[in-house]
Each structure stands twice: as C-alpha cells, then as structure tokens.
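Reproduced below: start-v3.cif, with mmCIF, C-alpha atoms.
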data_structure
#
loop_
_atom_site.label_atom_id
_atom_site.label_comp_id
_atom_site.auth_asym_id
_atom_site.auth_seq_id
_atom_site.Cartn_x
_atom_site.Cartn_y
_atom_site.Cartn_z
CA MET Q 103 77.14 161.55 50.57
CA THR Q 104 80.70 161.83 51.82
CA VAL Q 105 82.93 158.94 52.86
CA PHE Q 106 82.40 159.88 56.49
CA GLU Q 107 78.62 159.83 56.07
CA LEU Q 108 78.86 156.48 54.35
CA LEU Q 109 81.02 155.08 57.16
CA GLN Q 110 78.60 156.47 59.71
CA SER Q 111 75.61 154.79 58.11
CA ALA Q 112 77.62 151.55 58.03
CA LEU Q 113 78.30 151.97 61.76
CA ASP Q 114 74.59 152.62 62.33
CA ALA Q 115 73.79 149.43 60.46
CA SER Q 116 76.29 147.55 62.61
CA THR Q 117 74.79 148.98 65.80
CA LEU Q 118 71.31 148.01 64.66
CA ARG Q 119 72.59 144.50 63.85
CA GLN Q 120 73.96 144.13 67.38
CA ALA Q 121 70.51 145.01 68.77
CA VAL Q 122 68.79 142.60 66.39
CA TYR Q 123 71.14 139.70 67.22
CA ALA Q 124 70.88 140.48 70.95
CA ASN Q 125 67.09 140.29 70.58
CA ASN Q 126 67.35 136.97 68.72
CA ILE Q 127 69.58 135.56 71.47
CA ALA Q 128 67.27 136.86 74.22
CA ASN Q 129 64.34 135.17 72.48
CA ALA Q 130 66.17 131.92 71.66
CA GLY Q 131 63.71 129.99 73.84
CA THR Q 132 60.54 132.01 73.18
CA PRO Q 133 57.84 129.91 71.51
CA GLY Q 134 56.80 131.17 68.08
CA TYR Q 135 59.54 133.81 67.83
CA LYS Q 136 61.07 134.30 64.36
CA ARG Q 137 64.62 135.62 64.01
CA GLN Q 138 65.30 139.04 62.52
CA ASP Q 139 68.23 140.33 60.51
CA VAL Q 140 69.38 143.59 58.94
CA ALA Q 141 69.75 144.35 55.23
CA PHE Q 142 72.40 146.95 54.47
CA GLU Q 143 75.32 145.82 52.29
CA THR Q 144 73.01 144.45 49.63
CA LEU Q 145 71.11 147.76 49.55
CA LEU Q 146 74.40 149.64 49.37
CA GLN Q 147 75.68 147.51 46.53
CA SER Q 148 72.55 147.92 44.48
CA ALA Q 149 72.78 151.68 45.07
CA LEU Q 150 76.38 151.68 43.86
CA GLY Q 151 75.35 149.68 40.82
CA SER Q 152 76.83 146.26 40.33
CA GLY Q 153 79.46 146.65 37.67
CA THR Q 154 82.39 144.88 39.27
CA SER Q 155 83.39 141.29 39.70
CA GLY Q 156 82.66 139.82 43.08
CA ALA Q 157 80.55 141.19 45.88
CA LEU Q 158 81.24 144.39 47.76
CA GLY Q 159 84.39 143.97 49.81
CA GLU Q 160 85.58 141.17 47.56
CA ALA Q 161 86.76 143.43 44.74
CA GLN Q 162 90.27 142.58 43.69
CA ILE Q 163 93.00 145.04 42.80
CA PRO Q 164 92.72 145.47 39.05
CA ILE Q 165 96.00 145.01 37.16
CA GLY Q 166 96.57 147.09 34.06
CA GLU Q 167 93.07 148.46 34.02
CA GLU Q 168 91.32 151.40 35.49
CA GLU Q 169 89.96 150.91 39.00
CA PRO Q 170 86.17 151.23 39.00
CA LYS Q 171 85.24 154.66 40.27
CA TYR Q 172 82.31 154.93 42.60
CA ASP Q 173 80.77 158.37 42.76
CA LEU Q 174 79.79 158.68 46.40
CA SER Q 175 78.32 162.16 45.96
CA THR Q 176 75.39 160.74 44.00
CA LEU Q 177 74.82 157.97 46.53
CA PRO Q 178 71.43 158.24 48.22
CA ASN Q 179 71.16 157.94 51.99
CA ILE Q 180 71.02 154.21 52.63
CA VAL Q 181 68.94 153.21 55.64
CA PRO Q 182 69.52 149.72 57.07
CA GLN Q 183 66.34 147.68 57.18
CA VAL Q 184 65.22 145.11 59.71
CA TYR Q 185 63.47 142.08 58.23
CA THR Q 186 62.10 138.83 59.60
CA ASP Q 187 64.01 135.76 58.47
CA THR Q 188 61.74 132.82 57.68
CA SER Q 189 64.27 130.91 55.58
CA THR Q 190 65.83 128.92 58.41
CA THR Q 191 64.54 125.74 59.99
CA VAL Q 192 61.77 126.10 62.54
CA ASN Q 193 61.88 123.85 65.60
CA SER Q 194 58.96 122.22 67.41
CA ASN Q 195 57.91 125.35 69.32
CA GLY Q 196 57.82 127.53 66.20
CA ASN Q 197 61.11 129.28 66.96
CA ASN Q 198 63.81 129.46 64.28
CA VAL Q 199 66.74 130.91 66.27
CA ASP Q 200 69.95 128.86 66.05
CA ILE Q 201 71.97 130.18 68.98
CA THR Q 202 75.31 129.02 67.52
CA GLU Q 203 74.66 130.91 64.30
CA GLU Q 204 73.60 134.03 66.20
CA MET Q 205 76.82 133.99 68.26
CA VAL Q 206 78.91 133.63 65.08
CA LEU Q 207 77.04 136.46 63.33
CA MET Q 208 77.38 138.65 66.41
CA ALA Q 209 81.16 138.09 66.62
CA GLU Q 210 81.47 138.87 62.91
CA ASN Q 211 79.44 142.05 63.34
CA GLN Q 212 81.66 143.13 66.23
CA VAL Q 213 84.79 142.76 64.09
CA ARG Q 214 83.09 144.70 61.27
CA TYR Q 215 82.26 147.50 63.71
CA ASP Q 216 85.86 147.62 64.99
CA THR Q 217 87.14 147.73 61.40
CA LEU Q 218 84.84 150.65 60.53
CA VAL Q 219 85.92 152.56 63.64
CA GLN Q 220 89.56 151.89 62.72
CA ASP Q 221 88.93 153.19 59.20
CA ILE Q 222 87.29 156.40 60.48
CA SER Q 223 90.16 156.95 62.95
CA ASP Q 224 92.77 156.45 60.20
CA ARG Q 225 91.01 158.95 57.95
CA LEU Q 226 90.87 161.49 60.78
CA ASP Q 227 94.58 160.86 61.43
CA ARG Q 228 95.40 161.62 57.81
CA LEU Q 229 93.32 164.79 57.97
CA ARG Q 230 95.16 165.82 61.11
CA THR Q 231 98.50 165.19 59.43
CA ALA Q 232 97.43 167.28 56.43
CA ILE Q 233 96.37 170.16 58.66
CA MET Q 234 99.14 170.11 61.23
CA GLY Q 235 101.95 168.91 59.02
CA SER Q 236 104.28 166.00 59.75
CA MET E 144 75.98 156.10 66.34
CA PHE E 145 75.65 154.07 69.48
CA ASP E 146 72.66 153.59 71.71
CA ASN E 147 72.11 151.20 74.55
CA THR E 148 69.24 149.28 72.94
CA SER E 149 71.41 146.17 72.66
CA MET E 150 72.44 146.31 76.29
CA ASN E 151 68.82 146.73 77.43
CA ILE E 152 67.76 143.78 75.28
CA SER E 153 70.53 141.56 76.66
CA ALA E 154 69.67 142.72 80.19
CA SER E 155 66.07 141.59 79.66
CA GLY E 156 67.41 138.18 78.58
CA LEU E 157 69.61 137.98 81.68
CA ALA E 158 66.69 138.90 83.96
CA ALA E 159 64.29 136.42 82.33
CA ASN E 160 66.78 133.57 82.57
CA GLN E 161 67.67 134.50 86.15
CA LEU E 162 63.98 134.20 87.02
CA TRP E 163 63.80 130.86 85.23
CA LEU E 164 66.83 129.63 87.23
CA ASN E 165 65.11 130.70 90.48
CA VAL E 166 61.93 128.81 89.54
CA ILE E 167 63.96 125.69 88.69
CA ALA E 168 65.80 125.93 92.02
CA ASN E 169 62.45 126.23 93.80
CA ASN E 170 61.05 123.23 91.92
CA ILE E 171 64.09 121.09 92.81
CA ALA E 172 63.97 122.22 96.45
CA ASN E 173 60.33 121.14 96.66
CA VAL E 174 60.71 117.76 94.98
CA ASN E 175 59.64 115.99 98.20
CA THR E 176 57.09 118.53 99.46
CA THR E 177 53.87 116.75 100.36
CA ARG E 178 52.00 119.56 102.06
CA THR E 179 51.65 123.17 100.84
CA PRO E 180 49.71 126.14 102.31
CA GLN E 181 47.28 125.80 99.37
CA GLY E 182 46.72 122.16 100.34
CA GLY E 183 48.01 119.06 98.60
CA PRO E 184 51.54 118.38 97.39
CA TYR E 185 53.75 120.90 95.59
CA ARG E 186 53.06 121.46 91.88
CA ALA E 187 56.02 122.14 89.59
CA GLU E 188 56.04 125.67 88.15
CA ILE E 189 56.57 126.45 84.48
CA VAL E 190 57.96 129.77 83.21
CA ASN E 191 56.41 131.24 80.04
CA PHE E 192 58.47 133.58 77.86
CA SER E 193 57.29 136.06 75.26
CA PRO E 194 59.05 138.71 73.17
CA VAL E 195 58.73 142.34 74.22
CA GLU E 196 57.26 144.45 71.45
CA ASN E 197 58.73 147.88 71.16
CA ASP E 198 56.60 150.99 71.05
CA VAL E 199 55.54 150.91 67.42
CA SER E 200 53.71 154.24 67.28
CA PHE E 201 56.46 155.74 65.12
CA GLN E 202 56.44 152.75 62.82
CA THR E 203 52.67 152.87 62.67
CA ALA E 204 52.92 156.51 61.62
CA LEU E 205 55.20 155.41 58.81
CA GLY E 206 52.59 152.88 57.74
CA GLN E 207 54.67 149.96 59.03
CA ALA E 208 57.17 150.71 56.26
CA VAL E 209 60.08 150.19 58.59
CA GLN E 210 60.24 147.14 60.79
CA GLY E 211 61.64 147.86 64.23
CA VAL E 212 63.79 145.81 66.55
CA GLY E 213 62.05 144.06 69.42
CA GLY E 214 62.65 145.08 73.00
CA GLY E 215 63.99 141.78 74.30
CA VAL E 216 62.23 139.04 76.22
CA GLU E 217 60.03 138.88 79.31
CA VAL E 218 58.41 136.28 81.52
CA THR E 219 54.68 136.75 80.97
CA SER E 220 53.44 134.17 83.47
CA ILE E 221 54.43 131.35 85.76
CA THR E 222 51.95 128.51 85.46
CA GLN E 223 51.57 125.30 87.40
CA ASP E 224 52.29 121.90 85.92
CA THR E 225 49.02 119.96 85.90
CA SER E 226 50.59 116.52 85.47
CA PRO E 227 49.63 113.94 88.15
CA PHE E 228 51.44 113.73 91.49
CA GLN E 229 53.84 110.91 92.26
CA LEU E 230 52.70 108.20 94.69
CA ILE E 231 55.27 106.94 97.17
CA TYR E 232 54.74 104.02 99.58
CA ASP E 233 55.44 105.36 103.09
CA PRO E 234 52.90 104.20 105.70
CA SER E 235 54.64 106.08 108.52
CA ASN E 236 54.04 109.45 106.87
CA PRO E 237 51.19 111.41 108.54
CA ASP E 238 49.89 112.34 105.06
CA ALA E 239 49.71 108.71 103.99
CA VAL E 240 46.43 107.35 102.64
CA ASN E 241 46.31 103.53 102.55
CA GLY E 242 50.10 103.60 103.03
CA TYR E 243 50.72 105.82 99.98
CA VAL E 244 51.77 109.47 100.08
CA GLU E 245 51.12 111.87 97.23
CA THR E 246 54.25 113.92 96.61
CA SER E 247 55.15 116.69 94.16
CA ASN E 248 54.96 116.27 90.38
CA VAL E 249 58.45 117.73 89.95
CA ASN E 250 60.37 115.65 87.42
CA LEU E 251 64.04 115.95 88.37
CA THR E 252 65.26 114.98 84.89
CA THR E 253 63.19 117.75 83.27
CA GLN E 254 64.40 120.23 85.87
CA MET E 255 68.06 119.36 85.30
CA VAL E 256 67.69 119.68 81.52
CA ASP E 257 65.94 123.04 81.99
CA LEU E 258 68.68 124.10 84.40
CA ILE E 259 71.38 123.52 81.78
CA GLN E 260 69.29 125.29 79.14
CA ALA E 261 68.69 128.31 81.39
CA THR E 262 72.40 128.51 82.30
CA ARG E 263 73.47 128.39 78.65
CA ALA E 264 70.88 131.02 77.67
CA TYR E 265 72.10 133.24 80.52
CA GLN E 266 75.71 132.88 79.30
CA ALA E 267 74.73 133.71 75.72
CA ASN E 268 72.96 136.89 76.86
CA ALA E 269 75.98 137.85 78.97
CA THR E 270 78.23 137.40 75.91
CA ALA E 271 75.89 139.57 73.81
CA PHE E 272 75.93 142.23 76.52
CA ASP E 273 79.72 142.15 76.57
CA ALA E 274 79.88 142.51 72.78
CA ALA E 275 77.68 145.62 72.89
CA LYS E 276 79.84 147.07 75.66
CA GLN E 277 83.03 146.44 73.69
CA MET E 278 81.51 148.18 70.66
CA ALA E 279 80.62 151.23 72.76
CA VAL E 280 84.17 151.37 74.11
CA THR E 281 85.56 151.09 70.58
CA ALA E 282 83.32 153.93 69.37
CA LEU E 283 84.65 156.12 72.18
CA GLY E 284 88.10 155.73 70.67
CA ILE E 285 87.14 157.46 67.38
CA GLY E 286 89.50 160.32 66.65
CA LYS E 287 91.88 159.62 69.49
#

For the structure just supplied, provide its representation as structure tokens.
Amino acid sequence: MTVFELLQSALDASTLRQAVYANNIANAGTPGYKRQDVAFETLLQSALGSGTSGALGEAQIPIGEEEPKYDLSTLPNIVPQVYTDTSTTVNSNGNNVDITEEMVLMAENQVRYDTLVQDISDRLDRLRTAIMGS
Amino acid sequence: MFDNTSMNISASGLAANQLWLNVIANNIANVNTTRTPQGGPYRAEIVNFSPVENDVSFQTALGQAVQGVGGGVEVTSITQDTSPFQLIYDPSNPDAVNGYVETSNVNLTTQMVDLIQATRAYQANATAFDAAKQMAVTALGIGK
C-alpha cells in the first residue's frame, strides 16, 4: 500500500463517516433507532502494530532516538467498518442519538477530511516540483 | 472517494421534518374545528418516523459481514390522535349539545413543543447537508 492509497482509504472512511452521522442526525427522533459509527483508525493502528507511545496521530517527535519506521508496503488494505453503538444512553423511545454529540463528531470529521485533502494536495505539489523543477 | 449518499440521507431528513412541520401547522390551524367532512370535530394528526433500510442484497451476499449505512429517514404513516375531544361551553353554537360543543383534541402546548423540535431537527439536517457539500467541494480541489 502506498501513501496515496492509505490517504485514499482514510478519505473513504471519512466519507463513510459523514454518511453515518448524517443518518444518525436524520433519525434523531426515530423511535428505537440506534446510532452507528465507523471504525477505521483503530483498525489501522492495529495493522501498523502498536509499538509507539500514544495513539496514532499523537506520536511525539523523538529526540535523540530513531523515529519508528512504519512499512506501508506490507500494510493490508484497511476497510472502514460500520458498527452499531449501544454504549450510549438510550432515551424513553429507545433511541440513543445525542444530536449535540453528532454535530460535534460531524464537524470534527469535516476538519479531518479537509486535512487529508490538504495532505494529498501538498504531496502532489511536491511531486510536481520534483518533475518540473523549481 | 466521494458519493452523494450523505446528501441523500440529509435530504430525506429535511423532507421528513418538512412534512412534520406541515402536519403541525395543520393541527394548529384546526384547533377550533368542530365539524369535519368525516363528521365530528378535528382529530390531531401524529407523524410516525422510521429509518430507511438500504438495499442489503450485497451485504446479504457477503453473509452480513459488512454492516451498511442506512438510507435516511421516512414518514411511514400519519395517524390520528385518539385522545378525547375538548368540551367548550357555547350554547349559541349550532353544534352545541346541552350548551356544550365538542371541539378538536389538538393540544396547543404539545404542538408548540413539536414545532420547536421539528424546526431544530430540520436545521440539524440542513447543517449535515452543508457539511457534505463542503467536503465535496474540498475534494474537487485535490491537485489544483
């Protein structure tokens, strides 16, 4: 798996998340509906093997030691998975959607998506510079 | 990388809440209706929501290994409120029986609370729609 493929599957996960949160919001008043969420980063981290301090994205710049090397080429194709969340509080009509939480998660997901797009664009820019010069 | 599933889902939420708002408006408008074509006073209408299940044939083929995203929300039925009618003392009304008129069972407090709820839900769906649109626009900027 190349970096671009990895970034693309992260974008796919983010797109899927948007759909899942949109569905939760649409069903915020539906009796008996249970909220859904997407598992991706946790799957990715377990695929990378947890050898570093902190969670993925929280890794700090190591001082005086070798940076942990992730071998992306051996990384399997990670497919984001939709799961039903039953951990949150259920209200009187059997629905467990907290609209405030969904809006927060959705905003966060949007920023994540923008960041990924920015990263891809920057990498393409560097490629362009390498090919065209200057 | 980007599909319009999210936008369709949010659109279903907008449509369902729009319908709910219409029903509430109709209930409030008929709060004093004593005579309907069906006979008797007006009965308040209740909107029933249910999630839209997506076509799961592909998932079924995979032995339900992968859970899919739902397809939004829909109004499955509009039912009538069976609670008793209100009695109002008005002997001059042609529908009066022993001086009392039976009028609709619309509870204005309930309707106003529902109205706020429906408006908020509509706004939330509009925000979700906007988020999906922004993401699509961002994706179009890749490589520019």

Distance of atom CA of E:Asn160 from atom CA of E:Pro227, expressed in Å to one decimal place: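 Rounded to one decimal, the two atoms are 26.7 Å apart.
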
Just how far from atom CA of Q:Gly131 is atom CA of E:Leu258, in Å to one decimal?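 These atoms are spaced 13.1 Å apart.
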
List, as a list in words, every residue that the PyMOL selection byres ((chain E) within 6 of (chain Q)) selects in the file provided.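 Output from the PyMOL selection byres ((chain E) within 6 of (chain Q)), applied to this file: Met144, Ser149, Ile152, Ser153, Gly156, Phe192, Ser193, Gln210, Val212, Gly215, Val216, Ala271, Ile285 and Gly286 of chain E.
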
Kindly give the distance, in Å, that separates atom CA of E:Gly284 and atom CA of Q:Leu174, rounded to a single decimal.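 Between atom CA of E:Gly284 and atom CA of Q:Leu174 the gap works out to 25.8 Å.
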
Place a sphere of radius 10 Å on (63.3, 129.1, 89.3) in the file coordinates and name every protein, DNA or RNA residue with an atom inside or on its surface, counting only C-alpha atoms; give the answer as a VMD selection string. chain E and resid 160 to 172 188 to 190 221 254 257 to 258 261

Top pick for closest residue to E:Met150, considering E:Pro234, E:Asn250, E:Gly214, E:Glu245 and counting all atoms listed in the file: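 When distances to E:Met150 are compared using all atoms listed in the file, the smallest one comes from E:Gly214.
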